[in-house]
$ cat data.pdb   # PDB, C-alpha atoms, pLDDT in the B column
ATOM      1  CA  MET A   1      -4.778 -31.156 -20.332  1.00 49.00           C
ATOM      2  CA  ILE A   2      -3.758 -27.758 -18.974  1.00 53.00           C
ATOM      3  CA  LEU A   3      -4.348 -27.110 -15.290  1.00 49.00           C
ATOM      4  CA  ARG A   4      -5.673 -23.614 -14.791  1.00 51.00           C
ATOM      5  CA  PHE A   5      -6.900 -23.942 -11.240  1.00 48.00           C
ATOM      6  CA  PRO A   6      -3.543 -23.244  -9.507  1.00 51.00           C
ATOM      7  CA  LEU A   7      -3.436 -19.895 -11.278  1.00 49.00           C
ATOM      8  CA  ILE A   8      -6.773 -18.781  -9.876  1.00 49.00           C
ATOM      9  CA  PRO A   9      -5.633 -18.558  -6.200  1.00 54.00           C
ATOM     10  CA  ALA A  10      -2.421 -16.815  -7.289  1.00 51.00           C
ATOM     11  CA  ALA A  11      -4.395 -14.312  -9.338  1.00 47.00           C
ATOM     12  CA  MET A  12      -6.756 -13.716  -6.429  1.00 50.00           C
ATOM     13  CA  LEU A  13      -3.829 -13.095  -4.093  1.00 53.00           C
ATOM     14  CA  LEU A  14      -2.248 -10.631  -6.485  1.00 53.00           C
ATOM     15  CA  ALA A  15      -5.522  -8.799  -6.935  1.00 52.00           C
ATOM     16  CA  ALA A  16      -5.906  -8.533  -3.162  1.00 57.00           C
ATOM     17  CA  CYS A  17      -2.499  -6.877  -2.718  1.00 72.00           C
ATOM     18  CA  ASP A  18      -2.638  -3.275  -1.661  1.00 82.00           C
ATOM     19  CA  PRO A  19       0.101  -1.358  -3.503  1.00 86.00           C
ATOM     20  CA  GLN A  20       0.273   1.298  -0.762  1.00 85.00           C
ATOM     21  CA  ALA A  21       0.638  -1.328   1.968  1.00 87.00           C
ATOM     22  CA  LEU A  22       3.404  -2.979  -0.039  1.00 89.00           C
ATOM     23  CA  ALA A  23       5.158   0.368  -0.500  1.00 88.00           C
ATOM     24  CA  ASP A  24       4.818   1.136   3.216  1.00 89.00           C
ATOM     25  CA  ARG A  25       6.272  -2.274   4.199  1.00 93.00           C
ATOM     26  CA  THR A  26       9.170  -1.736   1.804  1.00 92.00           C
ATOM     27  CA  THR A  27       9.805   1.745   3.186  1.00 93.00           C
ATOM     28  CA  ARG A  28       9.678   0.395   6.747  1.00 95.00           C
ATOM     29  CA  ASN A  29      12.221  -2.310   5.860  1.00 95.00           C
ATOM     30  CA  ILE A  30      14.515   0.343   4.396  1.00 94.00           C
ATOM     31  CA  ALA A  31      14.085   2.522   7.506  1.00 95.00           C
ATOM     32  CA  HIS A  32      14.929  -0.509   9.650  1.00 95.00           C
ATOM     33  CA  GLY A  33      18.295  -0.637   7.884  1.00 94.00           C
ATOM     34  CA  VAL A  34      18.871   3.013   8.777  1.00 94.00           C
ATOM     35  CA  VAL A  35      17.713   2.868  12.404  1.00 95.00           C
ATOM     36  CA  MET A  36      19.405  -0.408  13.351  1.00 94.00           C
ATOM     37  CA  PRO A  37      23.001   0.913  13.018  1.00 93.00           C
ATOM     38  CA  VAL A  38      22.078   3.981  15.080  1.00 93.00           C
ATOM     39  CA  VAL A  39      20.631   1.834  17.867  1.00 94.00           C
ATOM     40  CA  SER A  40      23.474  -0.691  17.573  1.00 92.00           C
ATOM     41  CA  ARG A  41      25.889   1.946  18.825  1.00 91.00           C
ATOM     42  CA  ASP A  42      24.423   1.522  22.297  1.00 89.00           C
ATOM     43  CA  LEU A  43      23.021  -2.019  22.320  1.00 91.00           C
ATOM     44  CA  PRO A  44      24.144  -5.499  21.232  1.00 91.00           C
ATOM     45  CA  ALA A  45      22.536  -6.987  18.102  1.00 88.00           C
ATOM     46  CA  GLY A  46      19.548  -8.801  19.661  1.00 90.00           C
ATOM     47  CA  PRO A  47      18.323  -5.953  21.852  1.00 94.00           C
ATOM     48  CA  ALA A  48      19.133  -3.437  19.101  1.00 95.00           C
ATOM     49  CA  ALA A  49      16.846  -5.277  16.674  1.00 95.00           C
ATOM     50  CA  GLN A  50      13.979  -5.212  19.182  1.00 96.00           C
ATOM     51  CA  ALA A  51      14.626  -1.565  20.056  1.00 96.00           C
ATOM     52  CA  THR A  52      14.582  -0.739  16.335  1.00 96.00           C
ATOM     53  CA  GLU A  53      11.148  -2.371  16.052  1.00 97.00           C
ATOM     54  CA  CYS A  54       9.926  -0.379  19.056  1.00 97.00           C
ATOM     55  CA  ILE A  55      11.149   2.854  17.478  1.00 97.00           C
ATOM     56  CA  LEU A  56       9.599   2.098  14.096  1.00 97.00           C
ATOM     57  CA  ASN A  57       6.305   1.118  15.751  1.00 97.00           C
ATOM     58  CA  ALA A  58       6.244   4.493  17.523  1.00 97.00           C
ATOM     59  CA  ALA A  59       7.050   6.444  14.344  1.00 97.00           C
ATOM     60  CA  SER A  60       4.503   7.837  11.918  1.00 97.00           C
ATOM     61  CA  MET A  61       4.655   6.840   8.274  1.00 96.00           C
ATOM     62  CA  PRO A  62       6.023  10.272   7.238  1.00 96.00           C
ATOM     63  CA  GLU A  63       8.780   9.843   9.850  1.00 96.00           C
ATOM     64  CA  ILE A  64       9.543   6.348   8.567  1.00 96.00           C
ATOM     65  CA  ARG A  65       9.780   7.738   5.019  1.00 95.00           C
ATOM     66  CA  ALA A  66      12.157  10.449   6.228  1.00 93.00           C
ATOM     67  CA  LEU A  67      14.347   7.860   7.974  1.00 94.00           C
ATOM     68  CA  ALA A  68      14.357   5.634   4.887  1.00 94.00           C
ATOM     69  CA  ARG A  69      15.791   8.491   2.816  1.00 90.00           C
ATOM     70  CA  ASP A  70      19.107   8.010   4.625  1.00 86.00           C
ATOM     71  CA  THR A  71      19.613   4.507   3.257  1.00 81.00           C
ATOM     72  CA  GLY A  72      23.035   3.835   1.823  1.00 77.00           C
ATOM     73  CA  VAL A  73      24.762   6.510   3.879  1.00 72.00           C
ATOM     74  CA  GLU A  74      25.857   6.715   7.474  1.00 75.00           C
ATOM     75  CA  ALA A  75      23.172   8.363   9.578  1.00 74.00           C
ATOM     76  CA  GLY A  76      23.966  11.984  10.219  1.00 78.00           C
ATOM     77  CA  SER A  77      23.291  13.995  13.343  1.00 83.00           C
ATOM     78  CA  LEU A  78      19.738  14.917  12.243  1.00 88.00           C
ATOM     79  CA  THR A  79      18.818  11.273  11.660  1.00 90.00           C
ATOM     80  CA  ARG A  80      20.323  10.232  14.992  1.00 92.00           C
ATOM     81  CA  GLU A  81      18.357  13.013  16.700  1.00 93.00           C
ATOM     82  CA  ASN A  82      15.129  11.947  14.962  1.00 94.00           C
ATOM     83  CA  VAL A  83      15.663   8.342  16.089  1.00 95.00           C
ATOM     84  CA  ARG A  84      16.294   9.534  19.649  1.00 95.00           C
ATOM     85  CA  ASN A  85      13.189  11.749  19.668  1.00 96.00           C
ATOM     86  CA  ILE A  86      11.010   8.860  18.484  1.00 97.00           C
ATOM     87  CA  ALA A  87      12.637   6.577  21.075  1.00 96.00           C
ATOM     88  CA  LEU A  88      11.689   9.022  23.833  1.00 96.00           C
ATOM     89  CA  ARG A  89       7.964   8.782  23.049  1.00 96.00           C
ATOM     90  CA  PRO A  90       5.783   6.972  25.576  1.00 96.00           C
ATOM     91  CA  ALA A  91       4.868   4.260  23.032  1.00 96.00           C
ATOM     92  CA  ALA A  92       8.530   3.470  22.375  1.00 97.00           C
ATOM     93  CA  GLN A  93       9.433   3.665  26.071  1.00 96.00           C
ATOM     94  CA  SER A  94       6.663   1.238  27.048  1.00 96.00           C
ATOM     95  CA  CYS A  95       7.782  -1.120  24.263  1.00 96.00           C
ATOM     96  CA  PHE A  96      11.340  -0.960  25.617  1.00 96.00           C
ATOM     97  CA  ALA A  97      10.047  -1.771  29.101  1.00 95.00           C
ATOM     98  CA  ALA A  98       7.927  -4.659  27.812  1.00 96.00           C
ATOM     99  CA  HIS A  99      11.030  -6.195  26.215  1.00 95.00           C
ATOM    100  CA  ASN A 100      13.386  -5.415  29.124  1.00 95.00           C
ATOM    101  CA  LEU A 101      15.405  -2.975  27.052  1.00 94.00           C
ATOM    102  CA  PRO A 102      17.216  -0.012  28.602  1.00 88.00           C
ATOM    103  CA  GLN A 103      15.300   3.233  28.472  1.00 76.00           C
ATOM    104  CA  VAL A 104      16.565   6.051  26.270  1.00 73.00           C
ATOM    105  CA  ARG A 105      17.453   9.192  28.195  1.00 65.00           C
TER     106      ARG A 105
END

$ encode --input "data.pdb" --output "structure tokens"
Amino acid sequence: MILRFPLIPAAMLLAACDPQALADRTTRNIAHGVVMPVVSRDLPAGPAAQATECILNAASMPEIRALARDTGVEAGSLTRENVRNIALRPAAQSCFAAHNLPQVR
């Protein structure tokens, strides 16, 4: 007897996946790998990871895509400036404050 029932929930889950949401999550993960080393220059690992999340949460999807393009290379001055500009936004600054992270100046 072949059990087909376990395949039904898996098929339903796959059908419910949003390809754009998956692409956006992947792009965000790639951008995280670009932003984290920039932030790590000023903060230890734990706070840098939280600050990176604050910055990515304050960024728009086009900005996240632009940051992700720098994967595999050391962030240049434009990328560092983009990260800083996003970090200066009120949403990022309030996230920093909520997590007791130093404010970007």

$ residues_around --input "data.pdb" --residues "region 83-97 of chain A" --least-positions-apart "5" --cutoff "10 Å" --atoms "only C-alpha atoms" --output "MDAnalysis selection string"
chainID A and resid 34:36 38:39 47 50:60 63:64 67 75 77:78 102:105

$ closest_residue --input "data.pdb" --among "A:Gly46, A:Gln20, A:Thr71, A:Pro62" --to "Gly33 (chain A)" --atoms "only C-alpha atoms"
A:Thr71

$ axis_aligned_box --input "data.pdb" --around "region 97-105 of chain A" --padding-each-side "8 Å" --output "JSON"
{"center_x": 12.7, "center_y": 1.5, "center_z": 27.7, "size_x": 25.5, "size_y": 31.4, "size_z": 18.9}

$ residues_around --input "data.pdb" --residues "region 26-28 of chain A" --least-positions-apart "4" --cutoff "7 Å" --atoms "all atoms listed in the file" --output "count of residues only"
5

$ atom_distance --input "data.pdb" --atom1 "CA of Ala31 (chain A)" --atom2 "CA of Glu81 (chain A)"
14.6 Å

$ atom_distance --input "data.pdb" --atom1 "CA of His99 (chain A)" --atom2 "CA of Ala23 (chain A)"
28.1 Å

$ atom_distance --input "data.pdb" --atom1 "CA of Ala66 (chain A)" --atom2 "CA of Ala45 (chain A)"
23.5 Å

$ closest_residue --input "data.pdb" --among "A:Thr79, A:Arg69, A:Ser40, A:Met61" --to "Ala21 (chain A)" --atoms "only C-alpha atoms"
A:Met61
